[in-house]
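Okay, data.txt now, which holds compact mmCIF, N, CA and C atoms:
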# COMPACT_ATOMS: atom_id res chain seq x y z
N MET A 174 10.60 0.98 -16.16
CA MET A 174 11.86 1.17 -15.48
C MET A 174 12.17 -0.11 -14.72
N ALA A 175 13.45 -0.42 -14.66
CA ALA A 175 13.89 -1.59 -13.91
C ALA A 175 14.72 -1.12 -12.72
N HIS A 176 14.77 -1.95 -11.71
CA HIS A 176 15.60 -1.66 -10.55
C HIS A 176 15.95 -2.96 -9.85
N ALA A 177 16.82 -2.84 -8.87
CA ALA A 177 17.17 -3.95 -8.00
C ALA A 177 17.42 -3.36 -6.62
N LEU A 178 17.03 -4.07 -5.59
CA LEU A 178 17.20 -3.58 -4.23
C LEU A 178 18.41 -4.27 -3.59
N PHE A 179 19.49 -3.54 -3.50
CA PHE A 179 20.76 -4.04 -2.99
C PHE A 179 20.62 -4.53 -1.55
N GLY A 180 21.02 -5.80 -1.32
CA GLY A 180 21.00 -6.37 0.02
C GLY A 180 19.64 -6.81 0.50
N TYR A 181 18.61 -6.63 -0.29
CA TYR A 181 17.25 -7.00 0.11
C TYR A 181 17.17 -8.52 0.28
N ASP A 182 16.28 -8.97 1.16
CA ASP A 182 16.18 -10.41 1.45
C ASP A 182 15.05 -11.10 0.71
N GLY A 183 14.58 -10.52 -0.37
CA GLY A 183 13.50 -11.13 -1.15
C GLY A 183 13.82 -11.07 -2.63
N PRO A 184 12.86 -11.44 -3.45
CA PRO A 184 13.11 -11.51 -4.90
C PRO A 184 13.43 -10.16 -5.54
N CYS A 185 13.11 -9.06 -4.89
CA CYS A 185 13.39 -7.73 -5.46
C CYS A 185 14.87 -7.38 -5.42
N LYS A 186 15.69 -8.28 -4.86
CA LYS A 186 17.14 -8.06 -4.91
C LYS A 186 17.66 -8.27 -6.33
N ASN A 187 16.88 -8.95 -7.16
CA ASN A 187 17.24 -9.20 -8.55
C ASN A 187 16.73 -8.06 -9.44
N ILE A 188 17.43 -7.84 -10.53
CA ILE A 188 16.97 -6.83 -11.48
C ILE A 188 15.61 -7.26 -12.02
N HIS A 189 14.66 -6.35 -11.94
CA HIS A 189 13.31 -6.60 -12.44
C HIS A 189 12.68 -5.26 -12.81
N GLY A 190 11.62 -5.30 -13.58
CA GLY A 190 11.02 -4.06 -14.04
C GLY A 190 9.57 -3.92 -13.66
N HIS A 191 9.10 -2.69 -13.77
CA HIS A 191 7.71 -2.34 -13.50
C HIS A 191 7.23 -1.37 -14.57
N THR A 192 5.94 -1.32 -14.75
CA THR A 192 5.31 -0.27 -15.55
C THR A 192 4.74 0.72 -14.56
N TYR A 193 5.56 1.69 -14.20
CA TYR A 193 5.17 2.68 -13.21
C TYR A 193 4.13 3.64 -13.79
N HIS A 194 3.29 4.15 -12.91
CA HIS A 194 2.34 5.22 -13.27
C HIS A 194 2.54 6.34 -12.26
N LEU A 195 2.72 7.55 -12.77
CA LEU A 195 2.99 8.70 -11.93
C LEU A 195 1.84 9.70 -12.05
N SER A 196 1.29 10.10 -10.92
CA SER A 196 0.23 11.11 -10.88
C SER A 196 0.74 12.31 -10.09
N VAL A 197 0.51 13.50 -10.64
CA VAL A 197 0.96 14.75 -10.02
C VAL A 197 -0.26 15.63 -9.81
N THR A 198 -0.41 16.15 -8.59
CA THR A 198 -1.54 17.04 -8.28
C THR A 198 -1.02 18.40 -7.84
N LEU A 199 -1.59 19.44 -8.42
CA LEU A 199 -1.23 20.81 -8.09
C LEU A 199 -2.43 21.54 -7.52
N MET A 200 -2.16 22.60 -6.78
CA MET A 200 -3.22 23.45 -6.27
C MET A 200 -2.86 24.89 -6.63
N GLY A 201 -3.87 25.63 -7.03
CA GLY A 201 -3.67 27.03 -7.35
C GLY A 201 -5.00 27.66 -7.72
N GLU A 202 -4.97 28.94 -7.95
CA GLU A 202 -6.17 29.66 -8.36
C GLU A 202 -6.35 29.54 -9.87
N PRO A 203 -7.52 29.13 -10.32
CA PRO A 203 -7.77 29.09 -11.76
C PRO A 203 -7.67 30.50 -12.34
N LEU A 204 -7.16 30.57 -13.54
CA LEU A 204 -7.04 31.85 -14.23
C LEU A 204 -8.42 32.47 -14.38
N ALA A 205 -8.57 33.72 -13.96
CA ALA A 205 -9.88 34.39 -13.94
C ALA A 205 -10.06 35.41 -15.06
N ASP A 206 -9.03 35.61 -15.85
CA ASP A 206 -9.10 36.59 -16.94
C ASP A 206 -9.98 36.04 -18.06
N ALA A 207 -11.18 36.60 -18.21
CA ALA A 207 -12.15 36.11 -19.19
C ALA A 207 -11.66 36.23 -20.63
N SER A 208 -10.71 37.10 -20.87
CA SER A 208 -10.20 37.26 -22.24
C SER A 208 -9.06 36.30 -22.56
N HIS A 209 -8.58 35.54 -21.56
CA HIS A 209 -7.45 34.63 -21.75
C HIS A 209 -7.95 33.28 -22.24
N VAL A 210 -7.24 32.70 -23.18
CA VAL A 210 -7.66 31.40 -23.73
C VAL A 210 -7.57 30.26 -22.72
N LYS A 211 -6.85 30.49 -21.63
CA LYS A 211 -6.71 29.45 -20.60
C LYS A 211 -7.57 29.77 -19.38
N LEU A 212 -8.64 30.52 -19.60
CA LEU A 212 -9.59 30.86 -18.54
C LEU A 212 -10.01 29.60 -17.79
N GLY A 213 -9.92 29.63 -16.47
CA GLY A 213 -10.37 28.51 -15.64
C GLY A 213 -9.30 27.47 -15.37
N MET A 214 -8.14 27.57 -16.01
CA MET A 214 -7.08 26.59 -15.79
C MET A 214 -6.16 27.03 -14.67
N VAL A 215 -5.76 26.08 -13.84
CA VAL A 215 -4.68 26.31 -12.88
C VAL A 215 -3.36 26.17 -13.63
N VAL A 216 -3.30 25.14 -14.46
CA VAL A 216 -2.14 24.89 -15.32
C VAL A 216 -2.66 24.18 -16.57
N ASP A 217 -2.04 24.45 -17.68
CA ASP A 217 -2.35 23.74 -18.91
C ASP A 217 -1.81 22.32 -18.76
N PHE A 218 -2.66 21.31 -18.91
CA PHE A 218 -2.23 19.93 -18.71
C PHE A 218 -1.08 19.56 -19.65
N GLY A 219 -1.07 20.12 -20.84
CA GLY A 219 0.04 19.88 -21.77
C GLY A 219 1.35 20.40 -21.22
N ASP A 220 1.31 21.59 -20.61
CA ASP A 220 2.52 22.16 -20.00
C ASP A 220 2.99 21.30 -18.83
N LEU A 221 2.04 20.84 -18.00
CA LEU A 221 2.39 19.99 -16.86
C LEU A 221 2.98 18.67 -17.35
N LYS A 222 2.37 18.08 -18.35
CA LYS A 222 2.85 16.82 -18.90
C LYS A 222 4.28 16.98 -19.43
N ASN A 223 4.54 18.07 -20.14
CA ASN A 223 5.88 18.31 -20.68
C ASN A 223 6.90 18.53 -19.57
N LEU A 224 6.51 19.22 -18.52
CA LEU A 224 7.40 19.46 -17.39
C LEU A 224 7.78 18.14 -16.72
N VAL A 225 6.80 17.29 -16.48
CA VAL A 225 7.05 15.98 -15.85
C VAL A 225 7.89 15.11 -16.79
N LYS A 226 7.59 15.17 -18.06
CA LYS A 226 8.35 14.39 -19.05
C LYS A 226 9.81 14.84 -19.07
N ASP A 227 10.04 16.15 -19.13
CA ASP A 227 11.41 16.68 -19.20
C ASP A 227 12.18 16.45 -17.90
N THR A 228 11.51 16.49 -16.77
CA THR A 228 12.16 16.41 -15.46
C THR A 228 12.37 14.98 -14.98
N ILE A 229 11.42 14.08 -15.31
CA ILE A 229 11.48 12.73 -14.75
C ILE A 229 11.44 11.65 -15.83
N LEU A 230 10.42 11.67 -16.67
CA LEU A 230 10.21 10.56 -17.59
C LEU A 230 11.35 10.36 -18.57
N ASN A 231 11.85 11.43 -19.17
CA ASN A 231 12.94 11.27 -20.14
C ASN A 231 14.16 10.60 -19.53
N GLU A 232 14.40 10.83 -18.26
CA GLU A 232 15.56 10.23 -17.60
C GLU A 232 15.27 8.80 -17.14
N PHE A 233 14.12 8.56 -16.55
CA PHE A 233 13.86 7.28 -15.90
C PHE A 233 13.16 6.24 -16.78
N ASP A 234 12.48 6.66 -17.82
CA ASP A 234 11.76 5.70 -18.68
C ASP A 234 12.75 4.74 -19.34
N HIS A 235 12.49 3.47 -19.23
CA HIS A 235 13.32 2.40 -19.79
C HIS A 235 14.75 2.42 -19.25
N ALA A 236 14.92 2.88 -18.02
CA ALA A 236 16.24 2.91 -17.39
C ALA A 236 16.35 1.80 -16.36
N LEU A 237 17.58 1.46 -16.03
CA LEU A 237 17.89 0.56 -14.94
C LEU A 237 18.40 1.43 -13.80
N VAL A 238 17.71 1.41 -12.66
CA VAL A 238 18.05 2.26 -11.53
C VAL A 238 18.64 1.39 -10.42
N LEU A 239 19.86 1.76 -10.01
CA LEU A 239 20.57 0.97 -9.01
C LEU A 239 21.12 1.86 -7.91
N ASN A 240 21.19 1.31 -6.72
CA ASN A 240 21.84 1.97 -5.60
C ASN A 240 23.34 2.07 -5.92
N GLU A 241 23.90 3.27 -5.86
CA GLU A 241 25.30 3.45 -6.22
C GLU A 241 26.25 2.70 -5.29
N GLU A 242 25.77 2.28 -4.11
CA GLU A 242 26.60 1.53 -3.17
C GLU A 242 26.67 0.04 -3.51
N ALA A 243 25.80 -0.44 -4.37
CA ALA A 243 25.80 -1.85 -4.73
C ALA A 243 27.06 -2.17 -5.53
N PRO A 244 27.78 -3.22 -5.18
CA PRO A 244 29.02 -3.54 -5.89
C PRO A 244 28.80 -3.76 -7.39
N TYR A 245 27.67 -4.31 -7.76
CA TYR A 245 27.41 -4.56 -9.18
C TYR A 245 27.06 -3.30 -9.96
N SER A 246 26.79 -2.20 -9.27
CA SER A 246 26.40 -0.98 -9.98
C SER A 246 27.54 -0.43 -10.84
N LYS A 247 28.77 -0.74 -10.48
CA LYS A 247 29.92 -0.25 -11.23
C LYS A 247 30.51 -1.35 -12.12
N SER A 248 29.80 -2.43 -12.25
CA SER A 248 30.26 -3.57 -13.04
C SER A 248 30.34 -3.22 -14.52
N GLU A 249 31.36 -3.75 -15.19
CA GLU A 249 31.50 -3.53 -16.63
C GLU A 249 30.33 -4.18 -17.37
N VAL A 250 29.83 -5.28 -16.87
CA VAL A 250 28.68 -5.93 -17.52
C VAL A 250 27.50 -4.96 -17.53
N ILE A 251 27.24 -4.31 -16.39
CA ILE A 251 26.13 -3.36 -16.31
C ILE A 251 26.38 -2.20 -17.25
N SER A 252 27.55 -1.58 -17.16
CA SER A 252 27.82 -0.38 -17.97
C SER A 252 27.95 -0.70 -19.46
N ASN A 253 28.40 -1.89 -19.81
CA ASN A 253 28.55 -2.24 -21.23
C ASN A 253 27.27 -2.77 -21.85
N GLU A 254 26.44 -3.41 -21.07
CA GLU A 254 25.25 -4.06 -21.61
C GLU A 254 23.99 -3.19 -21.60
N PHE A 255 23.97 -2.19 -20.74
CA PHE A 255 22.78 -1.36 -20.61
C PHE A 255 23.15 0.09 -20.95
N GLU A 256 22.35 0.70 -21.82
CA GLU A 256 22.62 2.07 -22.24
C GLU A 256 22.17 3.10 -21.21
N LYS A 257 21.12 2.79 -20.49
CA LYS A 257 20.50 3.78 -19.60
C LYS A 257 20.52 3.26 -18.17
N VAL A 258 21.61 3.51 -17.48
CA VAL A 258 21.77 3.09 -16.09
C VAL A 258 21.85 4.35 -15.23
N ILE A 259 21.01 4.41 -14.22
CA ILE A 259 21.01 5.55 -13.30
C ILE A 259 21.43 5.03 -11.94
N LEU A 260 22.51 5.60 -11.42
CA LEU A 260 22.97 5.25 -10.08
C LEU A 260 22.47 6.33 -9.13
N VAL A 261 21.79 5.89 -8.08
CA VAL A 261 21.21 6.84 -7.12
C VAL A 261 21.81 6.60 -5.74
N PRO A 262 21.86 7.64 -4.90
CA PRO A 262 22.46 7.51 -3.57
C PRO A 262 21.48 6.96 -2.53
N TYR A 263 20.54 6.14 -2.96
CA TYR A 263 19.54 5.57 -2.07
C TYR A 263 19.08 4.24 -2.63
N GLN A 264 18.39 3.49 -1.81
CA GLN A 264 17.78 2.24 -2.27
C GLN A 264 16.62 2.62 -3.20
N PRO A 265 16.59 2.15 -4.47
CA PRO A 265 15.57 2.59 -5.41
C PRO A 265 14.20 1.93 -5.20
N THR A 266 13.66 2.10 -4.00
CA THR A 266 12.31 1.63 -3.71
C THR A 266 11.31 2.62 -4.30
N CYS A 267 10.09 2.22 -4.38
CA CYS A 267 9.04 3.12 -4.86
C CYS A 267 8.98 4.38 -3.99
N GLU A 268 9.09 4.21 -2.67
CA GLU A 268 9.01 5.33 -1.74
C GLU A 268 10.16 6.32 -1.96
N ASN A 269 11.39 5.80 -2.10
CA ASN A 269 12.53 6.68 -2.28
C ASN A 269 12.54 7.35 -3.66
N LEU A 270 12.13 6.62 -4.67
CA LEU A 270 12.01 7.22 -6.00
C LEU A 270 11.00 8.38 -5.95
N LEU A 271 9.91 8.16 -5.27
CA LEU A 271 8.87 9.18 -5.15
C LEU A 271 9.44 10.45 -4.50
N LEU A 272 10.17 10.29 -3.40
CA LEU A 272 10.77 11.46 -2.73
C LEU A 272 11.77 12.17 -3.64
N ASP A 273 12.50 11.42 -4.43
CA ASP A 273 13.42 12.01 -5.41
C ASP A 273 12.63 12.85 -6.41
N PHE A 274 11.53 12.30 -6.91
CA PHE A 274 10.71 13.01 -7.90
C PHE A 274 10.11 14.28 -7.29
N VAL A 275 9.68 14.21 -6.04
CA VAL A 275 9.15 15.40 -5.36
C VAL A 275 10.23 16.48 -5.32
N SER A 276 11.44 16.11 -4.94
CA SER A 276 12.52 17.11 -4.83
C SER A 276 12.87 17.71 -6.18
N ARG A 277 12.68 16.97 -7.25
CA ARG A 277 12.96 17.49 -8.59
C ARG A 277 11.84 18.42 -9.08
N LEU A 278 10.60 18.07 -8.77
CA LEU A 278 9.46 18.83 -9.29
C LEU A 278 9.10 20.06 -8.47
N LYS A 279 9.15 19.93 -7.16
CA LYS A 279 8.66 20.98 -6.26
C LYS A 279 9.19 22.38 -6.59
N PRO A 280 10.48 22.55 -6.83
CA PRO A 280 10.98 23.91 -7.08
C PRO A 280 10.63 24.47 -8.46
N LEU A 281 10.04 23.68 -9.33
CA LEU A 281 9.78 24.12 -10.69
C LEU A 281 8.48 24.90 -10.87
N PHE A 282 7.64 24.88 -9.85
CA PHE A 282 6.34 25.54 -9.97
C PHE A 282 6.40 26.95 -9.41
N PRO A 283 5.68 27.88 -10.05
CA PRO A 283 5.67 29.25 -9.53
C PRO A 283 5.02 29.31 -8.15
N GLU A 284 5.28 30.39 -7.45
CA GLU A 284 4.82 30.55 -6.07
C GLU A 284 3.30 30.39 -5.92
N GLU A 285 2.54 30.82 -6.91
CA GLU A 285 1.08 30.75 -6.82
C GLU A 285 0.53 29.35 -7.12
N MET A 286 1.41 28.41 -7.43
CA MET A 286 0.99 27.05 -7.75
C MET A 286 1.76 26.10 -6.84
N LYS A 287 1.07 25.28 -6.08
CA LYS A 287 1.72 24.38 -5.12
C LYS A 287 1.57 22.93 -5.55
N LEU A 288 2.68 22.21 -5.45
CA LEU A 288 2.65 20.76 -5.63
C LEU A 288 2.01 20.20 -4.37
N THR A 289 0.87 19.54 -4.50
CA THR A 289 0.18 19.05 -3.31
C THR A 289 0.28 17.55 -3.10
N SER A 290 0.42 16.78 -4.18
CA SER A 290 0.60 15.34 -3.99
C SER A 290 1.20 14.72 -5.25
N ILE A 291 1.89 13.63 -5.00
CA ILE A 291 2.43 12.79 -6.08
C ILE A 291 2.19 11.35 -5.67
N ARG A 292 1.76 10.56 -6.62
CA ARG A 292 1.53 9.13 -6.38
C ARG A 292 2.31 8.36 -7.44
N LEU A 293 3.10 7.40 -7.00
CA LEU A 293 3.87 6.55 -7.91
C LEU A 293 3.40 5.12 -7.70
N GLU A 294 2.77 4.57 -8.73
CA GLU A 294 2.27 3.20 -8.68
C GLU A 294 3.31 2.28 -9.31
N GLU A 295 3.76 1.32 -8.52
CA GLU A 295 4.73 0.33 -9.00
C GLU A 295 3.99 -0.82 -9.70
N THR A 296 2.87 -1.19 -9.13
CA THR A 296 1.96 -2.19 -9.70
C THR A 296 0.55 -1.65 -9.45
N PRO A 297 -0.47 -2.29 -10.01
CA PRO A 297 -1.83 -1.81 -9.76
C PRO A 297 -2.22 -1.80 -8.27
N SER A 298 -1.55 -2.61 -7.45
CA SER A 298 -1.92 -2.66 -6.03
C SER A 298 -0.81 -2.19 -5.08
N SER A 299 0.31 -1.71 -5.63
CA SER A 299 1.42 -1.25 -4.78
C SER A 299 1.83 0.15 -5.23
N PHE A 300 1.80 1.10 -4.29
CA PHE A 300 2.13 2.46 -4.64
C PHE A 300 2.66 3.20 -3.42
N ALA A 301 3.30 4.33 -3.70
CA ALA A 301 3.72 5.26 -2.65
C ALA A 301 3.11 6.59 -3.00
N GLU A 302 2.74 7.34 -1.96
CA GLU A 302 2.09 8.63 -2.18
C GLU A 302 2.68 9.66 -1.23
N TRP A 303 2.96 10.85 -1.77
CA TRP A 303 3.45 11.98 -0.98
C TRP A 303 2.40 13.07 -1.01
N ASN A 304 2.10 13.63 0.15
CA ASN A 304 1.13 14.74 0.26
C ASN A 304 1.78 15.89 0.98
N GLN A 305 1.68 17.09 0.43
CA GLN A 305 2.27 18.28 1.03
C GLN A 305 1.78 18.48 2.45
N GLY A 306 0.51 18.22 2.71
CA GLY A 306 -0.05 18.42 4.03
C GLY A 306 0.55 17.53 5.10
N ASP A 307 1.21 16.45 4.70
CA ASP A 307 1.83 15.53 5.65
C ASP A 307 3.27 15.92 5.96
N ASN A 308 3.77 16.96 5.30
CA ASN A 308 5.20 17.32 5.44
C ASN A 308 5.36 18.70 6.05
For this file, produce the structure as structure tokens.
Amino acid sequence: MAHALFGYDGPCKNIHGHTYHLSVTLMGEPLADASHVKLGMVVDFGDLKNLVKDTILNEFDHALVLNEEAPYSKSEVISNEFEKVILVPYQPTCENLLLDFVSRLKPLFPEEMKLTSIRLEETPSSFAEWNQGDN
């Protein structure tokens, strides 16, 4: 995903990209039904992966994410040259993207399963992390 930080005073004001890594942690009771094929699972990892893919990855993967307030966000060059442009009502920092992802994912889990943390790595040494216990 690529982004630019509107009005920022460093090099991140320019369009640039990252290979983000997203980690999602859930808490719940493992299935205890011995006759069920998913015995011991809180969630099937395939189901979780598909949920994250459908909710976040399909939209943001290989997209250009821009603050909708940036004058260039509505530029014909941007809209004509890039197929996947997402305008967001916030500065598209790692921290704000993470909070957006939390708000998209949190309501999708059943009551017995809680979203407990999400970590978004922008680079191997730069990341933002959200924990339910801190909120």
List the spatial neighbours of A:Leu278 as a ChimeraX atom specification - criterion: any atom at most 8 Å away, all atoms listed in the file, same-chain residues fewer than 5 positions off excluded.
/A:224-225,228-229,272-273,288
As a ChimeraX atom specification, which residues of chain A does DSSP assign to strand (DSSP E)?
/A:175-176,189-190,194-201,237-240,258-261,286-296,299-304
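Taking atom C of A:Ala177 as the reference point, atom CA of A:Leu270 is found at 11.9 Å.
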I want to know what sits within 8 Å of stretch 209-220 of chain A, based on all atoms listed in the file, with residues of the same chain fewer than 5 positions away left out; could you give that as a ChimeraX atom specification?
/A:199-204,225-226,286
Distance atom CA of A:Asn308-atom CA of A:Gly180, one decimal place?
29.0 Å
Secondary structure check, alpha helix (DSSP H) residues of stretch 182-235 of chain A, as a list in words
Phe218, Gly219, Asp220, Leu221, Lys222, Asn223, Leu224, Val225, Asn231, Glu232 and Phe233 of chain A
For A:Ser196, the nearest of the candidates A:Ala301, A:Ile251, A:Leu221, A:Ile291, counting only C-alpha atoms
A:Ile291
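Ranking A:Lys257, A:Lys186, A:His191, A:Lys287 by their shortest atom-to-atom distance to A:Leu237, with all atoms listed in the file included, puts A:Lys257 first.
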Distance atom CA of A:Val261-atom C of A:Val238, one decimal place?
6.9 Å
Choose the residue, out of A:Trp303, A:Tyr245, A:Phe274, A:Tyr263, that has the smallest atom-to-atom separation from A:Leu230; count only C-alpha atoms.
A:Phe274
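Using all atoms listed in the file, the nearest neighbour of A:Leu195 within the list A:Ala236, A:Ala175, A:Leu293, A:Val250 is A:Leu293.
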